[in-house]
Amino acid sequence: MKKSPTAKTPQPNRTVSIIGTGSYVPERILTNADLEAIVDTDDQWIMDRTGIRERRIAKEGEFTSHLAAAAAKRAMENAGVTVDEIDLILVATITPDTFFPSTACHVQRLIGAKNAACFDVNAACSGFLYSVEIAQQFIANHTYSTVLVIGADKLSSIVNWQDRNTCVLFGDGAGAAVLRNREGSHGVITTYMGSDGNFGDILHMPGGGCAVPITRDNADQKLNTLHMNGRETFKQAVTSMMKAAQKALEQSGLTTDDLKCIIPHQANIRIIEAMASRLNVPMSKFHINLDRYGNTSAAAVAIALDEANRTGRFQVGDYILLVVFGGGLTYASSVVQW
Ligand code: ACO
């Protein structure tokens, strides 16, 4: 007799591993002092409220796919895999080169991954961890064996450069990881994902989709740019990242004492400080680079992971926690044994 499916707590699965990471940020640096010449702001305000000192801005003709492809090449090199071995490419982004083809297809063309299936994932800043979970499922089910996961955004293309409330916060960049089945005790142990569409309008781009196609009038009203309720976003960011982190730890049977390193979404230093205090974890456990890159959306946690990996913040066997929050709203957290 056929058994009916039963709901159960996700079981740790340690066979799917991140076997390599890479990242790329554009060369051009936009400092807080540079922003003082664009909007009514100052370095002191930006540093005190956000911890951001500078961010990278893509040059003209440099699109999300170019940032993504550069990060992908570094991740494949770090993983020791050739481009022909990639059989799925996932690009998490809210700033695709085009609505379609997907940015993943653009990346496929740029890197020559002729054996890969490709699609984009839209979960705003949470997109990289959502994509890690999708990759994990495909690999665990033996559908694909080597998956390239990329978080990439060119937020400078949707920021309103006349709005000081938002333009100081964001930057451009990409981070990537190669995931593969690796027998043994190490791997992505669990990922918890959550969303709440009721809070969609606290951080969104109202125009550009089929609901509000862009016209000359609404472009003048900047409906094709990012809009944010900063205070509400801050509150929701802390609450939802705390929930995601606690759920992921619970699912993996670990506590914060077991963690070597926490890699949070790089939105605002005060959000990370609030989490550190609530989790009762020292700030030194968090890998932070938002001072140099600002908030790079889907790329943020992926760039930080690559940096932490390459600078030896954790070793084989160490437990790390990744935790993100983004528009949607969306949130997620992964526990990984490196
Ligand atoms: N420079 C100078 N003054 C500014 C600036 C600026 N860049 N921006 C806003 N102000 C002013 C405001 O106009 C306001 O002035 P007023 O009191 O005369 O009206 C004053 O500073 C205080 O503004 P608040 O919004 O209350 O400042 P707050 O302390 O909340 O900080 C901030 C604002 C930094 C945006 C904060 O709310 C925040 O970080 N929110 C979360 C943002 C975030 O993380 N977004 C992305 C998350 S998800 C994703 O990554 C896509």
# chains A, B, ... in the order shown; residues from 1 in each chain; ligands from 1
$ closest_atom_pairs --of "chain A" --to "ligand 1" --cutoff "6 Å" --atoms "only C-alpha atoms and all ligand atoms" --output "CSV"
residue,atom,partner,partner_atom_place_in_ligand_line,distance
A:Thr41,CA,ligand 1,1 (N),3.6
A:Asp42,CA,ligand 1,1 (N),5.9
A:Trp45,CA,ligand 1,2 (C),5.6
A:Ile46,CA,ligand 1,7 (N),6.0
A:Arg49,CA,ligand 1,34 (C),5.0
A:Thr50,CA,ligand 1,34 (C),5.3
A:Cys125,CA,ligand 1,50 (O),5.1
A:Arg164,CA,ligand 1,7 (N),4.3
A:Asn165,CA,ligand 1,8 (N),3.7
A:Val168,CA,ligand 1,7 (N),5.7
A:Gly230,CA,ligand 1,37 (O),3.7
A:Arg231,CA,ligand 1,37 (O),4.1
A:Thr233,CA,ligand 1,41 (C),4.9
A:Phe234,CA,ligand 1,41 (C),3.9
A:Ala267,CA,ligand 1,44 (O),4.5
A:Asn268,CA,ligand 1,39 (O),5.4
A:Asn295,CA,ligand 1,50 (O),5.8
A:Ser297,CA,ligand 1,50 (O),4.7
A:Phe325,CA,ligand 1,48 (S),5.8
A:Gly326,CA,ligand 1,48 (S),4.0
A:Gly327,CA,ligand 1,51 (C),5.5
$ residues_around --residues "Ala116 in chain A" --least-positions-apart "5" --cutoff "8 Å" --atoms "only C-alpha atoms" --output "mmCIF file with N, CA, C and O atoms, in the first residue's frame"
data_model
loop_
_atom_site.group_PDB
_atom_site.id
_atom_site.type_symbol
_atom_site.label_atom_id
_atom_site.label_comp_id
_atom_site.auth_asym_id
_atom_site.auth_seq_id
_atom_site.Cartn_x
_atom_site.Cartn_y
_atom_site.Cartn_z
ATOM 1 N N ILE A 86 29.912 21.776 -15.055
ATOM 2 C CA ILE A 86 28.765 22.471 -14.436
ATOM 3 C C ILE A 86 27.483 22.030 -15.133
ATOM 4 O O ILE A 86 27.342 22.199 -16.348
ATOM 5 N N ASP A 87 26.536 21.453 -14.363
ATOM 6 C CA ASP A 87 25.300 21.049 -15.036
ATOM 7 C C ASP A 87 24.053 21.825 -14.599
ATOM 8 O O ASP A 87 22.964 21.581 -15.116
ATOM 9 N N LEU A 88 24.246 22.797 -13.712
ATOM 10 C CA LEU A 88 23.153 23.724 -13.401
ATOM 11 C C LEU A 88 23.764 25.056 -12.948
ATOM 12 O O LEU A 88 24.692 25.065 -12.143
ATOM 13 N N ILE A 89 23.228 26.160 -13.489
ATOM 14 C CA ILE A 89 23.657 27.494 -13.036
ATOM 15 C C ILE A 89 22.438 28.223 -12.477
ATOM 16 O O ILE A 89 21.418 28.371 -13.156
ATOM 17 N N GLN A 108 25.933 31.751 -18.650
ATOM 18 C CA GLN A 108 26.300 30.525 -19.375
ATOM 19 C C GLN A 108 27.050 30.869 -20.659
ATOM 20 O O GLN A 108 28.083 30.284 -20.973
#
$ closest_residue --among "A:Val212, A:Leu129, A:Leu30, A:Ala123" --to "Leu329 in chain A" --atoms "only C-alpha atoms"
A:Ala123
$ closest_residue --among "A:Thr215, A:Gln162, A:Asn224, A:Asn122" --to "Leu35 in chain A" --atoms "only C-alpha atoms"
A:Gln162
$ residues_around --residues "Thr103 in chain A" --least-positions-apart "2" --cutoff "12 Å" --atoms "only C-alpha atoms" --output "PyMOL selection string"
chain A and resi 63-69+89-101+105-110+118-122+150-154
$ residues_around --residues "Ala274 in chain A" --least-positions-apart "4" --cutoff "7 Å" --atoms "only C-alpha atoms" --output "list in words"
Val238, Arg270 and Arg278 of chain A
$ atom_distance --atom1 "CA of Met283 in chain A" --atom2 "CA of Thr256 in chain A"
12.5 Å
$ atom_distance --atom1 "CA of Ala135 in chain A" --atom2 "CA of Thr191 in chain A"
11.2 Å
$ atom_distance --atom1 "CA of Pro206 in chain A" --atom2 "CA of Leu223 in chain A"
5.5 Å
$ residues_around --residues "range 18-27 of chain A" --least-positions-apart "5" --cutoff "7 Å" --atoms "only C-alpha atoms" --output "compact mmCIF listing (two decimals) with N, CA, C and O atoms, in the first residue's frame"
# COMPACT_ATOMS: atom_id res chain seq x y z
N ARG A 56 31.39 49.69 -4.17
CA ARG A 56 31.88 49.57 -5.54
C ARG A 56 30.73 49.79 -6.51
O ARG A 56 29.61 49.31 -6.28
N ILE A 57 31.04 50.48 -7.62
CA ILE A 57 30.01 50.78 -8.62
C ILE A 57 30.50 50.29 -9.99
O ILE A 57 31.61 50.63 -10.42
N ALA A 58 29.66 49.49 -10.65
CA ALA A 58 30.03 48.94 -11.96
C ALA A 58 30.15 50.07 -12.98
O ALA A 58 29.44 51.07 -12.91
N LEU A 67 29.58 40.70 -13.73
CA LEU A 67 30.05 40.54 -12.34
C LEU A 67 29.93 39.07 -11.95
O LEU A 67 30.84 38.47 -11.35
N ALA A 70 32.54 36.74 -13.64
CA ALA A 70 33.88 36.89 -13.04
C ALA A 70 33.95 36.12 -11.71
O ALA A 70 34.94 35.41 -11.43
N ALA A 71 32.90 36.24 -10.88
CA ALA A 71 32.87 35.51 -9.60
C ALA A 71 32.82 34.01 -9.85
O ALA A 71 33.48 33.22 -9.16
N ALA A 72 32.05 33.60 -10.87
CA ALA A 72 31.89 32.17 -11.17
C ALA A 72 33.21 31.54 -11.57
O ALA A 72 33.55 30.44 -11.13
N ARG A 74 36.18 32.44 -10.71
CA ARG A 74 37.03 32.29 -9.51
C ARG A 74 36.57 31.12 -8.64
O ARG A 74 37.36 30.41 -8.05
N ALA A 75 35.25 30.93 -8.56
CA ALA A 75 34.72 29.83 -7.75
C ALA A 75 35.08 28.48 -8.36
O ALA A 75 35.44 27.53 -7.66
N MET A 76 34.98 28.39 -9.70
CA MET A 76 35.31 27.12 -10.36
C MET A 76 36.79 26.80 -10.20
O MET A 76 37.17 25.65 -9.96
N ASN A 78 38.70 27.81 -7.72
CA ASN A 78 38.88 27.45 -6.31
C ASN A 78 38.41 26.03 -6.02
O ASN A 78 38.99 25.30 -5.22
N ALA A 79 37.34 25.62 -6.74
CA ALA A 79 36.79 24.28 -6.54
C ALA A 79 37.56 23.21 -7.31
O ALA A 79 37.40 22.01 -7.06
N ASP A 172 27.60 47.41 -5.83
CA ASP A 172 27.52 46.34 -6.85
C ASP A 172 28.55 45.24 -6.56
O ASP A 172 29.64 45.52 -6.05
N GLY A 173 28.21 44.00 -6.94
CA GLY A 173 29.19 42.91 -6.77
C GLY A 173 28.56 41.56 -7.03
O GLY A 173 27.36 41.45 -7.34
N ALA A 174 29.39 40.53 -6.92
CA ALA A 174 28.91 39.15 -7.13
C ALA A 174 29.74 38.17 -6.31
O ALA A 174 30.94 38.38 -6.10
N GLY A 175 29.07 37.12 -5.85
CA GLY A 175 29.77 36.04 -5.14
C GLY A 175 29.24 34.72 -5.66
O GLY A 175 28.08 34.65 -6.11
N ALA A 176 30.08 33.69 -5.66
CA ALA A 176 29.66 32.41 -6.24
C ALA A 176 30.18 31.25 -5.41
O ALA A 176 31.15 31.38 -4.67
N ALA A 177 29.50 30.11 -5.58
CA ALA A 177 29.95 28.88 -4.91
C ALA A 177 29.65 27.71 -5.83
O ALA A 177 28.67 27.73 -6.59
N VAL A 178 30.52 26.70 -5.77
CA VAL A 178 30.26 25.45 -6.50
C VAL A 178 29.86 24.41 -5.47
O VAL A 178 30.55 24.22 -4.46
N LEU A 179 28.71 23.76 -5.72
CA LEU A 179 28.23 22.72 -4.80
C LEU A 179 28.25 21.37 -5.49
O LEU A 179 27.93 21.27 -6.69
N ARG A 180 28.61 20.36 -4.72
CA ARG A 180 28.72 19.01 -5.30
C ARG A 180 28.55 17.99 -4.17
O ARG A 180 28.83 18.29 -3.01
N GLY A 187 29.50 19.22 5.02
CA GLY A 187 28.59 19.69 3.98
C GLY A 187 27.59 20.71 4.50
O GLY A 187 27.69 21.20 5.64
N ILE A 303 29.83 37.11 -1.21
CA ILE A 303 31.15 37.76 -1.22
C ILE A 303 31.82 37.56 0.15
O ILE A 303 33.00 37.23 0.25
N ASP A 306 33.14 34.03 0.52
CA ASP A 306 34.38 33.82 -0.23
C ASP A 306 35.57 34.46 0.49
O ASP A 306 36.63 33.86 0.62
$ select_by_dssp --residues "range 152-337 of chain A" --states "helix (DSSP H, G or I)" --output "ChimeraX atom specification"
/A:155-157,164-167,197-202,216-220,230-252,256-258,269-279,283-285,290-293,297-310
$ residues_around --residues "range 193-203 of chain A" --least-positions-apart "6" --cutoff "6 Å" --atoms "only C-alpha atoms" --output "PyMOL selection string"
chain A and resi 227-229+327-332
$ residues_around --residues "Arg53 in chain A" --least-positions-apart "4" --cutoff "7 Å" --atoms "only C-alpha atoms" --output "list in words"
Thr31, Asn32, Met47, Asp291 and Arg292 of chain A
$ closest_residue --among "A:Ile271, A:Ile288, A:Leu259, A:Ala304" --to "Ile320 in chain A" --atoms "only C-alpha atoms"
A:Leu259
$ select_by_dssp --residues "range 163-333 of chain A" --states "strand (DSSP E or B)" --output "ChimeraX atom specification"
/A:170,172-181,187-195,203-204,227-228,259-264,286,295,319-326,330-333
$ closest_residue --among "A:Phe138, A:Tyr144, A:Trp161, A:Phe170" --to "Glu54 in chain A" --atoms "only C-alpha atoms"
A:Phe170
